[in-house]
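Colleague: As input, take protein33.cif (mmCIF, C-alpha atoms and all ligand atoms):
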```cif
data_coords
#
loop_
_atom_site.label_atom_id
_atom_site.label_comp_id
_atom_site.auth_asym_id
_atom_site.auth_seq_id
_atom_site.Cartn_x
_atom_site.Cartn_y
_atom_site.Cartn_z
CA MET A 1111 19.38 27.76 -2.57
CA LEU A 1112 18.16 27.00 0.95
CA PRO A 1113 20.73 26.31 3.64
CA THR A 1114 20.87 22.82 5.15
CA PRO A 1115 18.10 22.57 7.75
CA PRO A 1116 19.11 22.37 11.42
CA PRO A 1117 19.22 18.93 13.05
CA PRO A 1118 15.79 17.35 13.56
CA THR A 1119 14.16 17.04 16.97
CA LEU A 1120 13.06 13.45 16.31
CA ARG A 1121 15.38 10.52 15.70
CA LEU A 1122 14.71 6.90 14.94
CA ASP A 1123 17.90 5.01 15.70
CA ILE A 1124 18.11 1.64 13.98
CA ASP A 1125 20.31 -1.00 15.60
CA ARG A 1126 21.65 -2.67 12.48
CA ASP A 1127 23.54 -5.30 14.45
CA ALA A 1128 20.26 -6.33 16.08
CA LEU A 1129 18.54 -6.40 12.68
CA ALA A 1130 21.26 -8.65 11.22
CA ALA A 1131 21.21 -10.84 14.34
CA ASN A 1132 17.42 -11.19 14.11
CA TRP A 1133 17.68 -12.31 10.48
CA ARG A 1134 20.35 -14.89 11.40
CA THR A 1135 18.25 -16.15 14.31
CA LEU A 1136 15.19 -16.53 12.07
CA ASN A 1137 17.32 -18.17 9.38
CA ASP A 1138 18.64 -20.66 11.96
CA LEU A 1139 15.14 -21.33 13.30
CA SER A 1140 14.07 -22.04 9.71
CA GLY A 1141 16.19 -25.21 9.76
CA THR A 1142 17.18 -26.29 6.27
CA ALA A 1143 15.00 -23.56 4.72
CA ARG A 1144 16.50 -20.17 3.94
CA ALA A 1145 14.95 -17.06 5.45
CA GLY A 1146 13.90 -14.23 3.15
CA ALA A 1147 12.75 -10.83 4.35
CA ALA A 1148 9.43 -9.02 4.14
CA VAL A 1149 10.49 -5.43 3.47
CA LYS A 1150 7.12 -3.95 2.44
CA ALA A 1151 5.97 -0.59 3.76
CA ASP A 1152 9.54 0.73 3.77
CA CYS A 1153 10.77 -2.12 5.97
CA TYR A 1154 7.79 -1.76 8.30
CA GLY A 1155 8.50 1.94 8.60
CA LEU A 1156 12.19 1.64 9.51
CA GLY A 1157 13.59 2.59 6.10
CA VAL A 1158 14.65 0.49 3.10
CA ALA A 1159 17.92 2.41 2.74
CA ARG A 1160 18.95 1.48 6.30
CA CYS A 1161 17.57 -2.01 6.57
CA VAL A 1162 17.88 -3.69 3.17
CA PRO A 1163 21.69 -3.45 2.88
CA THR A 1164 21.97 -4.88 6.41
CA LEU A 1165 19.63 -7.77 5.59
CA ARG A 1166 21.43 -8.40 2.31
CA ASP A 1167 24.84 -8.40 4.00
CA ALA A 1168 23.52 -10.78 6.66
CA GLY A 1169 22.59 -13.18 3.85
CA ALA A 1170 18.98 -12.53 2.79
CA ARG A 1171 18.33 -13.11 -0.92
CA ASP A 1172 14.53 -13.12 -1.15
CA PHE A 1173 12.79 -9.79 -0.54
CA PHE A 1174 9.05 -9.16 -0.46
CA VAL A 1175 7.34 -5.82 -1.03
CA ALA A 1176 3.60 -5.28 -1.45
CA HIS A 1177 3.34 -2.52 -4.10
CA TRP A 1178 5.07 -1.87 -7.41
CA SER A 1179 5.87 1.61 -6.09
CA GLU A 1180 8.19 -0.06 -3.58
CA VAL A 1181 10.38 -1.75 -6.20
CA GLY A 1182 12.47 1.27 -7.24
CA ALA A 1183 13.99 1.86 -3.81
CA MET A 1184 14.91 -1.83 -3.57
CA LEU A 1185 16.89 -1.81 -6.80
CA ASP A 1186 19.50 0.50 -5.27
CA HIS A 1187 20.49 -2.41 -3.03
CA VAL A 1188 19.57 -5.80 -4.51
CA PRO A 1189 19.04 -7.30 -7.98
CA ALA A 1190 15.48 -7.17 -9.33
CA SER A 1191 15.34 -10.97 -9.52
CA GLN A 1192 15.42 -11.01 -5.69
CA VAL A 1193 12.42 -8.68 -5.35
CA ALA A 1194 8.88 -10.09 -5.25
CA VAL A 1195 5.72 -7.99 -5.29
CA LEU A 1196 3.07 -9.58 -3.07
CA HIS A 1197 0.05 -7.87 -4.60
CA GLY A 1198 0.93 -9.26 -8.02
CA ALA A 1199 0.19 -7.61 -11.36
CA ASN A 1200 -3.50 -6.91 -11.97
CA SER A 1201 -3.29 -4.55 -14.94
CA ALA A 1202 -1.35 -4.07 -18.16
CA ASP A 1203 0.52 -1.18 -16.51
CA GLU A 1204 1.64 -3.36 -13.62
CA VAL A 1205 2.66 -6.20 -15.92
CA SER A 1206 4.76 -3.95 -18.14
CA TYR A 1207 6.42 -2.40 -15.08
CA ALA A 1208 7.26 -5.90 -13.83
CA LEU A 1209 8.78 -6.83 -17.19
CA ALA A 1210 10.71 -3.57 -17.44
CA THR A 1211 12.19 -3.80 -13.94
CA GLY A 1212 12.64 -7.57 -13.66
CA ALA A 1213 10.93 -7.73 -10.26
CA LEU A 1214 8.74 -10.82 -9.90
CA PRO A 1215 4.98 -10.69 -9.41
CA VAL A 1216 3.40 -12.99 -6.84
CA ILE A 1217 0.50 -14.24 -8.94
CA ASN A 1218 -2.61 -14.29 -6.79
CA SER A 1219 -5.43 -15.11 -9.20
CA LEU A 1220 -6.20 -16.74 -12.53
CA HIS A 1221 -6.69 -13.24 -13.94
CA GLN A 1222 -3.13 -12.33 -12.98
CA ALA A 1223 -1.83 -15.62 -14.40
CA ARG A 1224 -3.51 -14.95 -17.76
CA LEU A 1225 -2.17 -11.39 -17.93
CA TRP A 1226 1.36 -12.57 -17.12
CA THR A 1227 1.35 -15.38 -19.68
CA ALA A 1228 -0.20 -13.19 -22.40
CA ALA A 1229 2.55 -10.61 -21.89
CA GLY A 1230 5.23 -13.26 -22.27
CA GLY A 1231 6.12 -13.07 -18.56
CA LYS A 1232 8.74 -15.59 -17.48
CA ALA A 1233 9.68 -16.31 -13.88
CA CYS A 1234 7.07 -15.55 -11.23
CA HIS A 1235 5.84 -16.68 -7.84
CA VAL A 1236 2.37 -18.00 -7.07
CA MET A 1237 0.29 -17.49 -3.91
CA ILE A 1238 -2.21 -20.19 -2.98
CA ASP A 1239 -5.03 -19.41 -0.58
CA SER A 1240 -4.92 -22.13 2.06
CA GLY A 1241 -7.46 -20.42 4.28
CA ILE A 1242 -6.76 -16.75 4.92
CA HIS A 1243 -9.17 -15.77 2.13
CA ARG A 1244 -7.37 -12.56 1.35
CA LEU A 1245 -5.19 -12.99 -1.73
CA GLY A 1246 -4.37 -16.18 -3.55
CA ILE A 1247 -5.51 -18.84 -5.94
CA ASP A 1248 -8.09 -21.22 -4.52
CA PRO A 1249 -6.94 -24.87 -4.34
CA SER A 1250 -9.97 -25.79 -6.49
CA GLU A 1251 -8.51 -23.70 -9.32
CA LEU A 1252 -5.17 -25.51 -9.53
CA ASP A 1253 -6.13 -27.47 -12.64
CA ASP A 1254 -6.99 -24.35 -14.57
CA PRO A 1255 -5.05 -24.08 -17.85
CA ALA A 1256 -4.19 -20.47 -16.96
CA LEU A 1257 -1.62 -21.83 -14.52
CA ALA A 1258 -0.12 -24.42 -16.85
CA GLY A 1259 2.56 -22.41 -18.60
CA LEU A 1260 3.92 -20.47 -15.61
CA ASP A 1261 7.60 -20.66 -14.65
CA ILE A 1262 7.06 -20.73 -10.90
CA GLN A 1263 10.03 -20.07 -8.64
CA VAL A 1264 8.25 -20.01 -5.30
CA LEU A 1265 4.84 -21.47 -4.57
CA MET A 1266 3.64 -19.87 -1.38
CA SER A 1267 0.76 -19.55 0.99
CA HIS A 1268 0.16 -17.40 4.06
CA LEU A 1269 -0.90 -18.38 7.58
CA ALA A 1270 -3.89 -16.60 9.09
CA CYS A 1271 -3.42 -17.45 12.78
CA ALA A 1272 0.26 -18.28 13.25
CA ASP A 1273 0.50 -15.96 16.26
CA GLU A 1274 -2.10 -18.09 18.08
CA ASN A 1275 -2.34 -21.76 19.02
CA SER A 1276 -5.13 -22.29 16.55
CA ALA A 1277 -6.28 -25.44 14.74
CA MET A 1278 -6.13 -23.26 11.64
CA ASN A 1279 -2.31 -23.62 11.53
CA ALA A 1280 -2.28 -27.39 11.08
CA ALA A 1281 -5.25 -27.15 8.70
CA GLN A 1282 -3.43 -24.68 6.45
CA LEU A 1283 -0.28 -26.81 6.62
CA THR A 1284 -2.27 -29.79 5.35
CA VAL A 1285 -3.82 -27.82 2.50
CA PHE A 1286 -0.40 -26.51 1.48
CA LYS A 1287 1.26 -29.94 1.66
CA ASP A 1288 -1.52 -31.46 -0.44
CA MET A 1289 -0.86 -29.11 -3.30
CA GLN A 1290 2.86 -28.61 -3.03
CA ASN A 1291 3.57 -30.65 -6.17
CA ALA A 1292 0.61 -29.47 -8.21
CA LEU A 1293 2.31 -26.74 -10.21
CA GLY A 1294 5.92 -27.83 -10.40
CA ALA A 1295 7.35 -24.91 -8.48
CA GLN A 1296 11.08 -24.74 -7.70
CA SER A 1297 10.57 -23.97 -4.03
CA LEU A 1298 7.87 -23.74 -1.38
CA SER A 1299 7.20 -21.09 1.25
CA LEU A 1300 4.56 -20.85 4.00
CA ALA A 1301 5.85 -19.29 7.21
CA ASN A 1302 5.94 -15.65 8.28
CA SER A 1303 7.67 -14.68 11.57
CA ALA A 1304 5.13 -16.41 13.78
CA GLY A 1305 5.06 -19.39 11.41
CA ILE A 1306 8.80 -19.87 11.92
CA ALA A 1307 8.14 -20.21 15.64
CA LEU A 1308 5.65 -23.01 14.93
CA GLY A 1309 8.56 -25.27 14.00
CA THR A 1310 10.44 -26.50 10.96
CA ASP A 1311 7.39 -28.42 9.65
CA TYR A 1312 6.20 -25.01 8.51
CA ALA A 1313 9.49 -23.88 6.97
CA PHE A 1314 9.63 -25.79 3.62
CA ASP A 1315 12.34 -24.16 1.42
CA LEU A 1316 11.93 -20.48 2.22
CA THR A 1317 10.50 -18.50 5.13
CA ARG A 1318 9.23 -14.92 4.94
CA PRO A 1319 9.80 -13.15 8.27
CA GLY A 1320 8.86 -9.51 8.57
CA LEU A 1321 7.82 -8.35 12.04
CA ALA A 1322 10.44 -10.34 13.97
CA LEU A 1323 13.27 -8.94 11.84
CA TYR A 1324 12.37 -5.51 13.16
CA GLY A 1325 12.07 -6.57 16.80
CA GLY A 1326 8.48 -7.79 16.96
CA ILE A 1327 7.70 -10.89 19.02
CA PRO A 1328 4.51 -12.51 17.72
CA ARG A 1329 4.88 -15.72 19.75
CA ALA A 1330 6.42 -16.51 23.13
CA GLU A 1331 8.90 -18.96 21.55
CA LEU A 1332 10.73 -15.97 20.08
CA ALA A 1333 11.02 -14.04 23.35
CA GLY A 1334 14.62 -13.63 24.46
CA ARG A 1335 15.90 -14.44 20.95
CA ILE A 1336 14.72 -11.40 19.03
CA ARG A 1337 16.34 -8.04 19.77
CA GLN A 1338 14.82 -4.56 19.68
CA VAL A 1339 15.80 -2.77 16.46
CA ALA A 1340 13.92 0.57 16.48
CA PHE A 1341 14.73 3.18 19.11
CA PRO A 1342 12.71 6.40 18.78
CA ARG A 1343 14.15 9.47 20.49
CA ALA A 1344 12.69 12.95 20.82
CA ALA A 1345 14.04 16.32 21.97
CA LEU A 1346 12.70 18.46 24.77
CA ILE A 1347 11.71 21.75 23.18
CA GLN A 1348 10.61 23.56 26.34
CA VAL A 1349 10.86 23.10 30.09
CA ARG A 1350 8.52 24.93 32.48
CA ASP A 1351 7.31 25.08 36.06
CA LEU A 1352 3.66 24.55 36.97
CA LYS A 1353 1.88 25.59 40.14
CA GLU A 1354 -0.98 23.87 41.90
CA GLY A 1355 -4.15 23.91 39.75
CA ASP A 1356 -2.41 24.49 36.40
CA THR A 1357 -3.70 22.18 33.69
CA VAL A 1358 -1.76 20.67 30.80
CA GLY A 1359 -2.66 20.27 27.16
CA TYR A 1360 -5.90 20.15 25.22
CA ASN A 1361 -9.04 19.95 27.37
CA GLY A 1362 -6.90 20.35 30.47
CA GLU A 1363 -6.95 16.68 31.26
CA PHE A 1364 -4.08 16.85 33.72
CA THR A 1365 -4.14 19.18 36.73
CA ALA A 1366 -1.04 19.82 38.83
CA SER A 1367 -1.63 19.03 42.49
CA GLY A 1368 1.32 21.17 43.50
CA PRO A 1369 4.43 22.83 42.06
CA MET A 1370 6.12 20.66 39.45
CA ARG A 1371 8.54 20.80 36.55
CA VAL A 1372 7.39 19.57 33.15
CA GLY A 1373 8.95 19.23 29.73
CA THR A 1374 7.40 19.56 26.28
CA VAL A 1375 8.65 16.81 23.97
CA SER A 1376 8.74 17.11 20.17
CA LEU A 1377 6.58 14.04 19.53
CA GLY A 1378 2.91 13.80 18.65
CA TYR A 1379 0.25 11.81 16.89
CA ALA A 1380 1.41 13.11 13.52
CA ASP A 1381 4.64 11.21 14.23
CA GLY A 1382 2.77 8.01 15.00
CA PHE A 1383 2.60 8.54 18.75
CA LEU A 1384 -1.17 8.16 18.82
CA ARG A 1385 -3.63 9.52 21.35
CA SER A 1386 -4.09 6.00 22.69
CA TRP A 1387 -0.84 6.62 24.61
CA GLY A 1388 -2.51 9.40 26.65
CA GLY A 1389 -2.49 8.58 30.36
CA LYS A 1390 -0.48 5.38 29.73
CA GLY A 1391 2.78 6.37 28.13
CA ASN A 1392 6.00 7.78 29.37
CA ALA A 1393 9.35 8.91 28.07
CA LEU A 1394 12.63 7.82 29.64
CA ASN A 1395 15.68 9.84 30.53
CA SER A 1396 19.14 8.51 29.65
CA GLU A 1397 19.23 6.47 32.88
CA GLY A 1398 15.94 4.81 32.03
CA ARG A 1399 13.90 6.68 34.66
CA ALA A 1400 10.26 7.15 33.66
CA LEU A 1401 8.89 10.56 32.74
CA PRO A 1402 5.11 10.03 32.74
CA LEU A 1403 2.98 11.63 30.04
CA LEU A 1404 0.65 14.37 31.25
CA GLY A 1405 -2.66 14.97 29.50
CA LYS A 1406 -3.47 14.41 25.87
CA VAL A 1407 -1.05 13.75 23.03
CA SER A 1408 -1.09 16.76 20.65
CA MET A 1409 -0.29 16.58 16.95
CA ASP A 1410 3.35 17.60 17.43
CA MET A 1411 3.98 17.51 21.17
CA VAL A 1412 3.49 15.71 24.45
CA VAL A 1413 4.17 17.05 27.94
CA VAL A 1414 6.00 14.88 30.48
CA ASP A 1415 6.59 15.08 34.21
CA LEU A 1416 10.27 15.82 34.92
CA ALA A 1417 10.17 14.89 38.63
CA ASN A 1418 12.47 11.93 37.95
CA ALA A 1419 14.91 13.98 35.87
CA PRO A 1420 15.20 17.49 37.34
CA ASP A 1421 18.35 18.27 35.34
CA LEU A 1422 16.82 17.86 31.89
CA LYS A 1423 16.75 21.05 29.86
CA THR A 1424 15.65 22.30 26.46
CA GLY A 1425 17.50 20.50 23.70
CA ASP A 1426 18.10 17.32 25.71
CA TRP A 1427 16.85 14.02 24.30
CA VAL A 1428 14.49 11.54 25.85
CA ASP A 1429 13.93 7.94 24.84
CA VAL A 1430 10.53 6.69 23.80
CA PRO A 1431 10.12 3.15 25.21
CA TYR A 1432 9.58 0.92 22.20
CA ASP A 1433 10.01 -2.66 23.36
CA LEU A 1434 7.31 -3.83 20.95
CA PRO A 1435 5.47 -6.47 23.01
CA LYS A 1436 5.37 -4.14 26.04
CA ALA A 1437 4.49 -1.06 24.03
CA SER A 1438 1.71 -3.01 22.32
CA LYS A 1439 0.18 -4.09 25.63
CA ARG A 1440 0.31 -0.57 26.95
CA SER A 1441 -0.95 1.34 23.96
CA GLY A 1442 -3.44 -1.15 22.59
CA LEU A 1443 -1.76 -0.88 19.18
CA SER A 1444 -0.43 -3.98 17.46
CA GLN A 1445 3.34 -4.45 17.16
CA TYR A 1446 2.90 -4.03 13.39
CA GLU A 1447 1.07 -0.75 13.86
CA LEU A 1448 3.68 0.57 16.29
CA LEU A 1449 6.40 0.14 13.65
CA THR A 1450 4.58 1.23 10.53
CA ILE A 1451 3.06 4.43 11.95
CA LEU A 1452 6.36 6.06 12.90
CA GLY A 1453 6.16 9.25 10.86
CA GLN A 1454 8.28 10.94 8.25
CA ARG A 1455 9.64 13.58 10.64
CA PHE A 1456 11.88 11.04 12.35
CA ALA A 1457 15.44 11.23 11.05
CA ARG A 1458 16.19 7.60 10.27
C1 LIG A 1501 3.77 -9.32 5.44
C2 LIG A 1501 3.89 -10.71 4.98
C3 LIG A 1501 4.84 -11.56 5.55
C4 LIG A 1501 5.61 -11.20 6.79
O1 LIG A 1501 4.77 -11.40 7.91
P1 LIG A 1501 5.22 -11.09 9.41
O2 LIG A 1501 4.05 -11.49 10.23
O3 LIG A 1501 5.50 -9.63 9.49
O4 LIG A 1501 6.43 -11.91 9.68
C5 LIG A 1501 5.01 -12.80 4.96
N1 LIG A 1501 4.27 -13.18 3.91
C6 LIG A 1501 3.32 -12.40 3.35
C7 LIG A 1501 2.54 -12.90 2.20
C8 LIG A 1501 3.08 -11.15 3.88
O5 LIG A 1501 2.12 -10.39 3.37
#
```
Please lay out the structure from this file as structure tokens.
Ligand SMILES: *Cc1c(COP(=O)(O)O)cnc(C)c1O

Modeller:
Amino acid sequence: MLPTPPPPTLRLDIDRDALAANWRTLNDLSGTARAGAAVKADCYGLGVARCVPTLRDAGARDFFVAHWSEVGAMLDHVPASQVAVLHGANSADEVSYALATGALPVINSLHQARLWTAAGGKACHVMIDSGIHRLGIDPSELDDPALAGLDIQVLMSHLACADENSAMNAAQLTVFKDMQNALGAQSLSLANSAGIALGTDYAFDLTRPGLALYGGIPRAELAGRIRQVAFPRAALIQVRDLKEGDTVGYNGEFTASGPMRVGTVSLGYADGFLRSWGGKGNALNSEGRALPLLGKVSMDMVVVDLANAPDLKTGDWVDVPYDLPKASKRSGLSQYELLTILGQRFAR
């Protein structure tokens, strides 16, 4: 048997108090509606095992994943009846997995409705397309007999432009209101994180925040109310001195203009720290002083300038600034991308 591996050189610290506080804030902002939680993509990359028990203990009862492959990990923490699969069941295999586990499909098409009814499927959710034109039943199809026998718990739709002040928001709200009674669903759900910030008109019975739970701020109304949850940290794995004219990294993009001390950090594009950070990013020492990135991001490493932290040595940790709105502006990556690309080598 192999010995236990040594401690990792990458850590993703999750502030569970902030996660719980974000859920409570979003639940409060949802007015009389209850807030659920979008936990697809392994809780946006932060880890189901860390995040789902925290969300459950804070009070969340409605959890949304995208794939059937994501159901198993959820069942360690919450009952299957609280797990919804947003892509729905498109094949006999997916339908029988739904029936065997008890997780609920979000029915997105007449085809899915027919499969579910034919298999004797009971409770389900239904997604209506009110304008995003991605997944969902078209409002013109609501009279179809395929939808007649469904036992619909949540009738939902999804906003396309909630993070903008777009006329699309009110238009989708109108479409959704117009068909809210069409199928006799128990409850109604429209808003994602940004939709919650649009006001309680958009909340109905259940909201489905994802991004903002994990520290993302899709609209200014949420600034100052949502706390950072994900804190990536990386170890210095070498410290060295450069002399004037030395270059750093692939293609020698940085040239030292004089003697300087630099550190090699165990963090690269394979960990989700993409090359778009080159020339823009920095690490921080424990006092929050910036250690600018030098040259290109490699697959497993970046090199930083240690002028602001002359005492740092091999084995010390640096913080990777991950305030999501700021990091998004700087890197050109969306707040969603910044979370979901954090790689498997981070100890979560
Ligand atoms: C991902 C998703 C959400 C959560 O959206 P955020 O913008 O992350 O809050 C809600 N509803 C559906 C249907 C989704 O796919």

Colleague: Determine, using only C-alpha atoms, which residues of range 1315-1361 of chain A have any atom at most 10 Å from an atom of range 1258-1267 of chain A, and tabulate each with its shortest atom pair and distance in Å to one decimal place, rows ordered by chain and then rising number, as JSON lines.

Modeller:
```
{"residue": "A:Asp1315", "atom": "CA", "partner": "A:Val1264", "partner_atom": "CA", "distance": 8.9}
{"residue": "A:Leu1316", "atom": "CA", "partner": "A:Val1264", "partner_atom": "CA", "distance": 8.4}
{"residue": "A:Thr1317", "atom": "CA", "partner": "A:Met1266", "partner_atom": "CA", "distance": 9.6}
{"residue": "A:Arg1318", "atom": "CA", "partner": "A:Met1266", "partner_atom": "CA", "distance": 9.8}
```

Colleague: Could you give me, as a PyMOL selection string, every polymer residue with an atom at most 9 Å away from an atom of ligand LIG 1501 (chain A), counting all atoms listed in the file?

Modeller: chain A and resi 1147-1150+1154+1174-1176+1196-1197+1237+1245+1266-1269+1272-1273+1299-1306+1317-1324+1326+1328+1446

Colleague: Grab the CA of Arg1244 in chain A to CA of Ala1183 in chain A distance for me, in Å with one decimal place.

Modeller: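 CA of Ala1183 in chain A lies 26.3 Å from CA of Arg1244 in chain A.
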
Colleague: Which residue out of A:Arg1329, A:Lys1232, A:Gln1222, A:Gly1382 has the minimum interatomic distance to Leu1209 in chain A when only C-alpha atoms are used?

Modeller: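 Of all the options, A:Lys1232 lies closest to Leu1209 in chain A.
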
Colleague: Taking into account only C-alpha atoms, which residue in the set A:Pro1435, A:Gly1359, A:Gly1398, A:Gly1231 is nearest to Leu1332 in chain A?

Modeller: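 Closest to Leu1332 in chain A of all the choices is A:Pro1435.
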
Colleague: Skip Val1349 in chain A itself and residues of its chain fewer than 6 positions away, then list as a list in words all residues within 8 Å of it, counting all atoms listed in the file.

Modeller: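 Here the qualifying residues turn out to be Arg1371, Val1372, Gly1373, Thr1374, Lys1423 and Thr1424 of chain A.
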